[in-house]
file structure.txt (compact mmCIF, C-alpha atoms and all ligand atoms)
# COMPACT_ATOMS: atom_id res chain seq x y z
CA MET X 105 -25.59 18.63 19.87
CA GLU X 106 -26.96 20.45 22.89
CA PRO X 107 -24.20 21.91 25.06
CA ALA X 108 -23.63 19.83 28.19
CA THR X 109 -24.14 21.25 31.68
CA LEU X 110 -22.10 20.74 34.82
CA GLU X 111 -24.17 21.49 37.88
CA ILE X 112 -22.97 21.80 41.46
CA ARG X 113 -25.96 21.73 43.77
CA ASP X 114 -25.76 22.75 47.44
CA LEU X 115 -22.48 20.88 47.85
CA HIS X 116 -21.22 20.25 51.38
CA VAL X 117 -17.90 18.49 51.87
CA ASN X 118 -15.96 17.26 54.87
CA VAL X 119 -12.22 16.77 54.95
CA GLU X 120 -10.78 14.84 57.88
CA GLY X 121 -14.07 15.34 59.70
CA LYS X 122 -14.13 19.10 59.19
CA GLU X 123 -16.66 20.84 56.97
CA ILE X 124 -14.78 22.75 54.27
CA LEU X 125 -17.44 23.27 51.59
CA LYS X 126 -20.65 24.70 52.97
CA GLY X 127 -23.22 24.75 50.22
CA VAL X 128 -21.69 25.49 46.82
CA ASN X 129 -24.08 26.19 43.94
CA LEU X 130 -22.80 26.69 40.42
CA VAL X 131 -23.82 25.84 36.87
CA VAL X 132 -21.22 25.75 34.10
CA LYS X 133 -22.36 25.18 30.53
CA GLN X 134 -20.12 23.98 27.74
CA GLY X 135 -18.50 26.94 26.05
CA GLU X 136 -18.63 29.17 29.14
CA THR X 137 -15.65 30.42 31.11
CA HIS X 138 -16.04 30.92 34.83
CA ALA X 139 -13.33 32.33 37.09
CA LEU X 140 -13.28 31.35 40.75
CA MET X 141 -11.30 33.68 42.98
CA GLY X 142 -10.93 33.66 46.72
CA PRO X 143 -8.46 33.87 49.58
CA ASN X 144 -6.06 31.08 50.54
CA GLY X 145 -7.73 28.25 52.38
CA SER X 146 -11.27 29.19 51.31
CA GLY X 147 -11.85 25.75 49.75
CA LYS X 148 -11.26 26.24 46.02
CA SER X 149 -8.98 23.23 45.57
CA THR X 150 -11.28 21.21 47.81
CA LEU X 151 -14.06 21.95 45.35
CA ALA X 152 -11.84 20.96 42.41
CA TYR X 153 -10.80 17.65 44.00
CA THR X 154 -14.35 16.86 45.07
CA LEU X 155 -15.66 17.39 41.54
CA MET X 156 -13.08 14.91 40.26
CA GLY X 157 -13.91 12.34 42.97
CA HIS X 158 -10.84 12.39 45.23
CA PRO X 159 -11.54 9.86 48.00
CA HIS X 160 -10.35 12.16 50.81
CA TYR X 161 -13.24 14.52 50.22
CA GLN X 162 -16.49 13.33 51.69
CA VAL X 163 -19.70 14.75 50.26
CA THR X 164 -22.20 15.06 53.11
CA GLN X 165 -24.92 16.93 51.26
CA GLY X 166 -25.78 18.09 47.75
CA ASP X 167 -24.88 16.77 44.34
CA VAL X 168 -22.69 17.18 41.27
CA LEU X 169 -24.29 16.41 37.93
CA ILE X 170 -23.45 16.39 34.25
CA ASN X 171 -26.56 16.69 32.11
CA GLY X 172 -28.64 15.70 35.11
CA GLU X 173 -26.68 12.54 35.90
CA SER X 174 -25.08 12.47 39.34
CA LEU X 175 -21.33 11.89 39.39
CA LEU X 176 -21.07 11.20 43.10
CA THR X 177 -20.97 7.42 42.90
CA LEU X 178 -18.57 7.43 39.93
CA SER X 179 -14.80 6.85 40.12
CA PRO X 180 -12.46 9.60 38.90
CA ASP X 181 -11.85 7.79 35.61
CA ALA X 182 -15.58 7.34 35.03
CA ARG X 183 -15.96 11.08 35.63
CA ALA X 184 -13.18 11.71 33.12
CA ARG X 185 -15.10 9.65 30.60
CA ARG X 186 -18.14 11.81 31.20
CA GLY X 187 -15.97 14.71 30.06
CA LEU X 188 -14.50 16.15 33.26
CA PHE X 189 -10.85 17.13 33.56
CA LEU X 190 -8.85 18.59 36.43
CA ALA X 191 -5.53 20.37 36.04
CA MET X 192 -4.22 20.14 39.59
CA GLN X 193 -2.70 22.99 41.57
CA TYR X 194 0.04 20.62 42.74
CA PRO X 195 0.37 17.79 40.22
CA ILE X 196 1.79 14.66 41.82
CA SER X 197 4.92 12.97 40.56
CA VAL X 198 4.97 9.33 39.54
CA PRO X 199 8.54 8.00 39.44
CA GLY X 200 8.93 5.11 37.00
CA VAL X 201 6.17 6.22 34.64
CA THR X 202 7.30 8.43 31.79
CA LEU X 203 5.17 11.35 30.66
CA HIS X 204 4.91 9.62 27.29
CA SER X 205 3.59 6.31 28.61
CA PHE X 206 1.23 8.09 30.96
CA LEU X 207 -0.25 10.20 28.18
CA HIS X 208 -0.47 7.21 25.85
CA ALA X 209 -2.28 5.09 28.45
CA ALA X 210 -4.61 7.87 29.63
CA THR X 211 -5.55 8.99 26.12
CA SER X 212 -6.14 5.38 25.02
CA ALA X 213 -8.35 4.67 28.03
CA MET X 214 -10.40 7.80 27.40
CA ARG X 215 -11.02 6.76 23.81
CA GLY X 216 -12.19 3.30 24.74
CA TYR X 217 -9.13 1.29 23.69
CA GLY X 218 -9.08 -0.47 27.05
CA ASP X 219 -12.58 -1.80 26.34
CA LYS X 220 -11.43 -3.15 22.99
CA ALA X 221 -8.53 -4.99 24.66
CA GLN X 222 -10.96 -6.78 26.96
CA THR X 223 -12.85 -8.16 24.01
CA GLY X 224 -9.58 -9.13 22.36
CA ALA X 225 -10.04 -6.81 19.41
CA ARG X 226 -8.10 -7.88 16.38
CA GLY X 227 -6.07 -10.17 18.62
CA ARG X 228 -3.36 -7.55 18.62
CA LEU X 229 -0.85 -7.06 21.40
CA ASN X 230 -1.22 -3.56 22.86
CA ALA X 231 -4.81 -3.45 21.63
CA HIS X 232 -5.51 -1.36 24.70
CA LEU X 233 -3.33 1.44 23.31
CA ILE X 234 -3.85 3.85 20.44
CA PRO X 235 -1.52 2.74 17.61
CA MET X 236 1.79 4.52 18.13
CA ARG X 237 1.90 6.15 14.70
CA GLU X 238 -1.51 7.73 15.17
CA PHE X 239 -0.75 8.82 18.73
CA ARG X 240 2.68 10.24 17.92
CA LYS X 241 1.28 12.56 15.27
CA GLU X 242 -1.27 14.06 17.64
CA LEU X 243 1.22 14.23 20.48
CA ASN X 244 3.84 16.02 18.39
CA GLU X 245 1.32 18.58 17.16
CA ASN X 246 0.42 19.43 20.71
CA LEU X 247 4.04 19.50 21.89
CA ASP X 248 4.72 21.99 19.14
CA ARG X 249 1.82 24.18 20.11
CA LEU X 250 2.96 24.20 23.74
CA LYS X 251 6.58 24.75 22.70
CA MET X 252 7.72 21.64 24.54
CA GLU X 253 10.70 19.54 23.41
CA PRO X 254 10.13 15.85 22.57
CA PRO X 255 12.88 14.53 24.94
CA PHE X 256 10.78 15.91 27.78
CA LEU X 257 8.34 13.04 27.19
CA GLN X 258 10.89 10.54 28.43
CA ARG X 259 11.05 12.15 31.88
CA TYR X 260 9.17 10.51 34.73
CA LEU X 261 5.76 12.12 35.25
CA ASN X 262 6.24 15.41 37.11
CA GLU X 263 9.42 14.09 38.74
CA GLY X 264 11.70 17.10 39.10
CA PHE X 265 9.56 19.13 36.67
CA SER X 266 9.82 22.85 37.30
CA GLY X 267 6.62 24.61 38.36
CA GLY X 268 6.03 25.86 34.83
CA GLU X 269 6.85 22.49 33.25
CA LYS X 270 4.23 20.79 35.43
CA LYS X 271 1.58 23.24 34.30
CA ARG X 272 2.46 22.79 30.64
CA ALA X 273 2.32 19.02 31.06
CA GLU X 274 -1.19 19.36 32.52
CA VAL X 275 -2.34 21.39 29.53
CA LEU X 276 -0.73 18.85 27.18
CA GLN X 277 -2.75 16.15 28.93
CA MET X 278 -5.91 18.23 28.58
CA ALA X 279 -5.26 18.71 24.84
CA LEU X 280 -5.12 14.93 24.39
CA LEU X 281 -8.04 14.02 26.63
CA LYS X 282 -10.37 16.61 25.05
CA PRO X 283 -12.71 17.20 27.99
CA LYS X 284 -16.11 18.87 27.92
CA PHE X 285 -15.36 20.60 31.22
CA ALA X 286 -11.93 21.65 32.45
CA ILE X 287 -11.24 22.68 36.02
CA LEU X 288 -7.99 24.61 36.01
CA ASP X 289 -6.62 25.01 39.53
CA GLU X 290 -4.06 27.82 39.42
CA THR X 291 -2.77 26.71 36.04
CA ASP X 292 -1.08 30.12 35.82
CA SER X 293 0.95 29.81 39.01
CA GLY X 294 4.65 29.51 38.39
CA LEU X 295 4.44 30.38 34.71
CA ASP X 296 6.78 33.02 33.32
CA ILE X 297 5.35 35.75 31.10
CA ASP X 298 5.95 33.91 27.81
CA ALA X 299 4.63 30.64 29.23
CA ILE X 300 1.40 32.30 30.41
CA ARG X 301 0.80 33.49 26.88
CA ILE X 302 1.56 30.10 25.31
CA VAL X 303 -0.52 28.15 27.83
CA SER X 304 -3.44 30.59 27.55
CA GLU X 305 -3.40 30.44 23.74
CA ASN X 306 -3.64 26.68 23.98
CA ILE X 307 -6.48 26.78 26.49
CA ASN X 308 -8.37 29.26 24.31
CA ARG X 309 -7.85 27.14 21.21
CA LEU X 310 -9.04 24.02 23.01
CA GLN X 311 -12.06 25.86 24.28
CA GLN X 312 -12.99 26.87 20.75
CA ASP X 313 -12.28 23.47 19.21
CA LEU X 314 -14.07 21.45 21.88
CA ASN X 315 -16.58 24.05 23.08
CA MET X 316 -15.15 23.39 26.52
CA GLY X 317 -16.67 24.76 29.69
CA ILE X 318 -13.93 26.16 31.93
CA LEU X 319 -13.83 26.65 35.67
CA MET X 320 -10.66 28.60 36.23
CA ILE X 321 -9.32 29.00 39.74
CA THR X 322 -6.83 31.83 39.96
CA HIS X 323 -5.49 34.54 42.23
CA TYR X 324 -4.40 36.86 39.48
CA GLN X 325 -5.98 39.22 37.01
CA ARG X 326 -3.02 38.51 34.76
CA LEU X 327 -4.44 35.19 33.52
CA LEU X 328 -7.85 36.72 32.99
CA ASN X 329 -6.32 39.19 30.54
CA TYR X 330 -5.59 36.19 28.32
CA ILE X 331 -8.60 33.99 29.05
CA TYR X 332 -11.67 36.12 29.33
CA PRO X 333 -14.24 34.96 31.88
CA GLN X 334 -17.92 35.73 31.26
CA PHE X 335 -18.60 34.92 34.90
CA VAL X 336 -16.54 35.66 38.00
CA HIS X 337 -17.28 34.14 41.40
CA ILE X 338 -15.82 35.16 44.74
CA PHE X 339 -15.28 32.10 46.88
CA TYR X 340 -15.16 32.59 50.62
CA GLY X 341 -15.64 30.36 53.64
CA GLY X 342 -16.51 27.28 51.63
CA ARG X 343 -19.14 28.79 49.37
CA ILE X 344 -19.66 31.30 46.58
CA PHE X 345 -20.05 34.66 48.22
CA GLN X 346 -20.81 36.75 45.16
CA SER X 347 -21.03 36.28 41.39
CA GLY X 348 -20.77 38.83 38.63
CA ASP X 349 -19.16 39.61 35.32
CA ALA X 350 -15.49 40.33 34.58
CA SER X 351 -15.70 43.72 36.30
CA LEU X 352 -15.74 41.89 39.63
CA VAL X 353 -12.04 41.14 39.06
CA ASP X 354 -11.28 44.86 39.10
CA VAL X 355 -13.13 45.24 42.38
CA LEU X 356 -10.97 42.51 43.92
CA GLU X 357 -7.76 43.98 42.53
CA GLU X 358 -8.65 47.32 44.04
CA LYS X 359 -10.18 46.32 47.35
CA GLY X 360 -8.80 42.85 48.16
CA TYR X 361 -10.91 40.54 50.31
CA ASP X 362 -11.34 42.63 53.46
CA TRP X 363 -14.82 43.79 52.46
CA VAL X 364 -15.81 40.19 51.79
CA LYS X 365 -14.63 39.14 55.26
CA GLU X 366 -16.65 41.95 56.80
CA LEU X 367 -19.83 41.12 54.93
CA ALA X 368 -19.63 37.32 55.12
CA THR X 369 -21.41 35.85 58.08
CA ASP X 370 -20.51 32.32 58.96
N1 LIG Q 401 -6.49 16.59 53.22
C1 LIG Q 401 -6.72 17.60 54.07
N2 LIG Q 401 -6.55 17.46 55.41
C2 LIG Q 401 -6.78 18.48 56.25
N3 LIG Q 401 -7.21 19.69 55.88
C3 LIG Q 401 -7.41 19.88 54.59
C4 LIG Q 401 -7.17 18.87 53.60
N4 LIG Q 401 -7.46 19.36 52.39
C5 LIG Q 401 -7.85 20.64 52.58
N5 LIG Q 401 -7.82 20.95 53.90
C6 LIG Q 401 -8.15 22.27 54.49
O1 LIG Q 401 -9.27 22.78 53.82
C7 LIG Q 401 -9.15 24.20 53.71
C8 LIG Q 401 -9.34 24.59 52.26
O2 LIG Q 401 -8.21 24.20 51.53
P1 LIG Q 401 -8.10 24.38 49.95
O3 LIG Q 401 -6.83 23.76 49.50
O4 LIG Q 401 -9.35 23.90 49.34
O5 LIG Q 401 -8.02 25.96 49.82
P2 LIG Q 401 -7.77 26.89 48.54
O6 LIG Q 401 -8.92 27.83 48.47
O7 LIG Q 401 -7.52 26.05 47.35
O8 LIG Q 401 -6.47 27.71 48.96
P3 LIG Q 401 -5.23 28.24 48.05
O9 LIG Q 401 -5.68 29.53 47.44
O10 LIG Q 401 -4.17 28.49 49.08
O11 LIG Q 401 -4.87 27.19 47.07
C9 LIG Q 401 -7.79 24.58 54.28
O12 LIG Q 401 -7.98 25.03 55.60
C10 LIG Q 401 -7.04 23.26 54.26
O13 LIG Q 401 -6.05 23.21 55.26
MG MG Q 402 -5.92 25.76 46.14

call {"tool": "encode", "arguments": {"input": "structure.txt", "output": "structure tokens"}}
result
Amino acid sequence: MEPATLEIRDLHVNVEGKEILKGVNLVVKQGETHALMGPNGSGKSTLAYTLMGHPHYQVTQGDVLINGESLLTLSPDARARRGLFLAMQYPISVPGVTLHSFLHAATSAMRGYGDKAQTGARGRLNAHLIPMREFRKELNENLDRLKMEPPFLQRYLNEGFSGGEKKRAEVLQMALLKPKFAILDETDSGLDIDAIRIVSENINRLQQDLNMGILMITHYQRLLNYIYPQFVHIFYGGRIFQSGDASLVDVLEEKGYDWVKELATD
């Protein structure tokens, strides 16, 4: 199968009436890894949320497409079904919903079990869910790989999770949903040194298995030592200021963003 393409075309976005994204252009193909780096408040998370279809973010111009099909009128779950996944910088907690039931429901929905329930498939109760035996096997394999303990699944989603636990839970979700494109918004933040290695190994494995395209938002070179980006983009003032290869990371480590601020004209 031809690798899929995620295209961001001249994207302008308003938040609370203020323009935050000012013409973002980017093409990510399946199998590619792109790193997006930029100062605080430059609009990186705004881009991530907009791609996923968060209702707060109003697209005023431009388009987002997968294989030429615009996503803009699609709900977040329809975008997920097209193969898009977002690991949030600040995952929200959902008291009352366990991590296990959330993962079971989300994975089932992504694989079309909800559709089967509507047509009354096999007249079975819970026809909208993947059979537990099948799901448990896959879940346990991924727990193992992420070095997470099974009792953790009975906790309410993100409720009281440590910073690192939240990030691991996001990657667990990604492993089950098997996206074509993963947007990872500071998935390294809050991870200790061992956790960075474990999480990165899992992301790399998923990328190989699924031929995933990755858009990785990060502030630190550290993560990029584990997940190698072929493309690096400097994000500034609501748009991509400069793109290059991995050597651009060294430039940023050495010089910071002052030179970008000087050269960028708003
Ligand atoms: N819901 C909102 N209401 C008001 N302002 C917002 C909202 N969401 C984002 N912004 C503003 O948009 C700008 C960009 O924020 P964003 O979170 O995208 O930055 P970022 O590049 O991800 O920063 P960081 O590196 O700190 O995560 C900021 O000035 C922020 O305050
Ligand atoms: Mg952010």

call {"tool": "closest_atom_pairs", "arguments": {"input": "structure.txt", "of": "chain X", "to": "ligand LIG 401 (chain Q)", "cutoff": "7 Å", "atoms": "all atoms listed in the file", "output": "Markdown table"}}
result
| residue | atom | partner | partner_atom | distance |
| --- | --- | --- | --- | --- |
| X:Val119 | CA | Q:LIG401 | C1 | 5.6 |
| X:Glu120 | CA | Q:LIG401 | N2 | 5.6 |
| X:Ile124 | CA | Q:LIG401 | O1 | 5.5 |
| X:Gly142 | CA | Q:LIG401 | O6 | 6.4 |
| X:Pro143 | CA | Q:LIG401 | O9 | 5.6 |
| X:Asn144 | CA | Q:LIG401 | O9 | 3.5 |
| X:Gly145 | CA | Q:LIG401 | O5 | 3.4 |
| X:Ser146 | CA | Q:LIG401 | O6 | 3.9 |
| X:Gly147 | CA | Q:LIG401 | O4 | 3.1 |
| X:Lys148 | CA | Q:LIG401 | O6 | 3.7 |
| X:Ser149 | CA | Q:LIG401 | O7 | 3.6 |
| X:Thr150 | CA | Q:LIG401 | O4 | 3.6 |
| X:Leu151 | CA | Q:LIG401 | O4 | 6.5 |
| X:His160 | CA | Q:LIG401 | N1 | 6.4 |

call {"tool": "atom_distance", "arguments": {"input": "structure.txt", "atom1": "atom CA of X:Met141", "atom2": "atom CA of X:Thr291"}}
result
13.0 Å

call {"tool": "residues_around", "arguments": {"input": "structure.txt", "residues": "X:Ser197", "least_positions_apart": "4", "cutoff": "9 Å", "atoms": "all atoms listed in the file", "output": "number ranges by chain"}}
result
X: 260-265

call {"tool": "closest_residue", "arguments": {"input": "structure.txt", "among": "X:Leu155, X:Met192, X:Leu328, X:Ala299", "to": "ligand MG 402 (chain Q)", "atoms": "all atoms listed in the file"}}
result
X:Met192

call {"tool": "closest_residue", "arguments": {"input": "structure.txt", "among": "X:Tyr330, X:Val198, X:Ala152, X:Lys282", "to": "ligand MG 402 (chain Q)", "atoms": "all atoms listed in the file"}}
result
X:Ala152

call {"tool": "closest_residue", "arguments": {"input": "structure.txt", "among": "X:Glu173, X:Asp289, X:Asp248, X:Asp181", "to": "X:Met320", "atoms": "all atoms listed in the file"}}
result
X:Asp289

call {"tool": "closest_residue", "arguments": {"input": "structure.txt", "among": "X:Val275, X:Arg249, X:Ala210, X:Ser293", "to": "ligand MG 402 (chain Q)", "atoms": "all atoms listed in the file"}}
result
X:Ser293

call {"tool": "closest_residue", "arguments": {"input": "structure.txt", "among": "X:Val353, X:Ala273, X:Met214, X:Gly317", "to": "X:Ala182", "atoms": "only C-alpha atoms"}}
result
X:Met214

call {"tool": "closest_residue", "arguments": {"input": "structure.txt", "among": "X:Gly218, X:Pro195, X:Pro180, X:Gly200", "to": "ligand MG 402 (chain Q)", "atoms": "all atoms listed in the file"}}
result
X:Pro195

call {"tool": "residues_near_point", "arguments": {"input": "structure.txt", "point": "(-17.2, 33.5, 29.5)", "cutoff": "6 Å", "atoms": "only C-alpha atoms", "output": "JSON, numbers by chain"}}
result
{"X": [136, 137, 333, 334, 335]}

call {"tool": "atom_distance", "arguments": {"input": "structure.txt", "atom1": "atom CA of X:Leu295", "atom2": "atom CA of X:His337"}}
result
23.0 Å

call {"tool": "atom_distance", "arguments": {"input": "structure.txt", "atom1": "atom CA of X:Tyr161", "atom2": "atom CA of X:Tyr340"}}
result
18.2 Å

call {"tool": "residues_around", "arguments": {"input": "structure.txt", "residues": "X:Val168", "least_positions_apart": "6", "cutoff": "10 Å", "atoms": "all atoms listed in the file", "output": "compact mmCIF listing (two decimals) with C-alpha atoms, in the frame of the given file"}}
result
# COMPACT_ATOMS: atom_id res chain seq x y z
CA LEU X 110 -22.10 20.74 34.82
CA GLU X 111 -24.17 21.49 37.88
CA ILE X 112 -22.97 21.80 41.46
CA ARG X 113 -25.96 21.73 43.77
CA ASP X 114 -25.76 22.75 47.44
CA LEU X 115 -22.48 20.88 47.85
CA ASN X 129 -24.08 26.19 43.94
CA LEU X 130 -22.80 26.69 40.42
CA VAL X 131 -23.82 25.84 36.87
CA THR X 154 -14.35 16.86 45.07
CA LEU X 155 -15.66 17.39 41.54
CA MET X 156 -13.08 14.91 40.26
CA SER X 174 -25.08 12.47 39.34
CA LEU X 175 -21.33 11.89 39.39
CA LEU X 176 -21.07 11.20 43.10

call {"tool": "build_atoms", "arguments": {"input": "structure.txt", "residues": "stretch 312-329 of chain X", "atoms": "N, CA and C atoms", "output": "compact mmCIF listing (two decimals), in the coordinates of the input"}}
result
# COMPACT_ATOMS: atom_id res chain seq x y z
N GLN X 312 -12.28 26.67 22.02
CA GLN X 312 -12.99 26.87 20.75
C GLN X 312 -13.24 25.55 20.04
N ASP X 313 -12.18 24.73 19.95
CA ASP X 313 -12.28 23.47 19.21
C ASP X 313 -13.29 22.52 19.85
N LEU X 314 -13.27 22.46 21.17
CA LEU X 314 -14.07 21.45 21.88
C LEU X 314 -15.34 22.03 22.49
N ASN X 315 -15.50 23.36 22.38
CA ASN X 315 -16.58 24.05 23.08
C ASN X 315 -16.56 23.70 24.57
N MET X 316 -15.35 23.78 25.13
CA MET X 316 -15.15 23.39 26.52
C MET X 316 -15.78 24.39 27.49
N GLY X 317 -16.32 23.90 28.57
CA GLY X 317 -16.67 24.76 29.69
C GLY X 317 -15.47 24.82 30.62
N ILE X 318 -15.14 26.01 31.11
CA ILE X 318 -13.93 26.16 31.93
C ILE X 318 -14.29 26.74 33.29
N LEU X 319 -13.78 26.08 34.32
CA LEU X 319 -13.83 26.65 35.67
C LEU X 319 -12.38 26.92 36.07
N MET X 320 -12.05 28.20 36.10
CA MET X 320 -10.66 28.60 36.23
C MET X 320 -10.42 29.20 37.61
N ILE X 321 -9.63 28.50 38.41
CA ILE X 321 -9.32 29.00 39.74
C ILE X 321 -8.02 29.79 39.64
N THR X 322 -8.06 31.03 40.04
CA THR X 322 -6.83 31.83 39.96
C THR X 322 -6.82 32.93 41.00
N HIS X 323 -5.61 33.39 41.33
CA HIS X 323 -5.49 34.54 42.23
C HIS X 323 -5.23 35.83 41.47
N TYR X 324 -4.94 35.70 40.16
CA TYR X 324 -4.40 36.86 39.48
C TYR X 324 -5.19 37.30 38.27
N GLN X 325 -5.34 38.60 38.16
CA GLN X 325 -5.98 39.22 37.01
C GLN X 325 -5.22 38.91 35.72
N ARG X 326 -3.91 38.76 35.89
CA ARG X 326 -3.02 38.51 34.76
C ARG X 326 -3.56 37.43 33.80
N LEU X 327 -3.94 36.29 34.36
CA LEU X 327 -4.44 35.19 33.52
C LEU X 327 -5.73 35.60 32.82
N LEU X 328 -6.53 36.37 33.52
CA LEU X 328 -7.85 36.72 32.99
C LEU X 328 -7.74 37.74 31.86
N ASN X 329 -6.55 38.34 31.71
CA ASN X 329 -6.32 39.19 30.54
C ASN X 329 -6.18 38.34 29.28
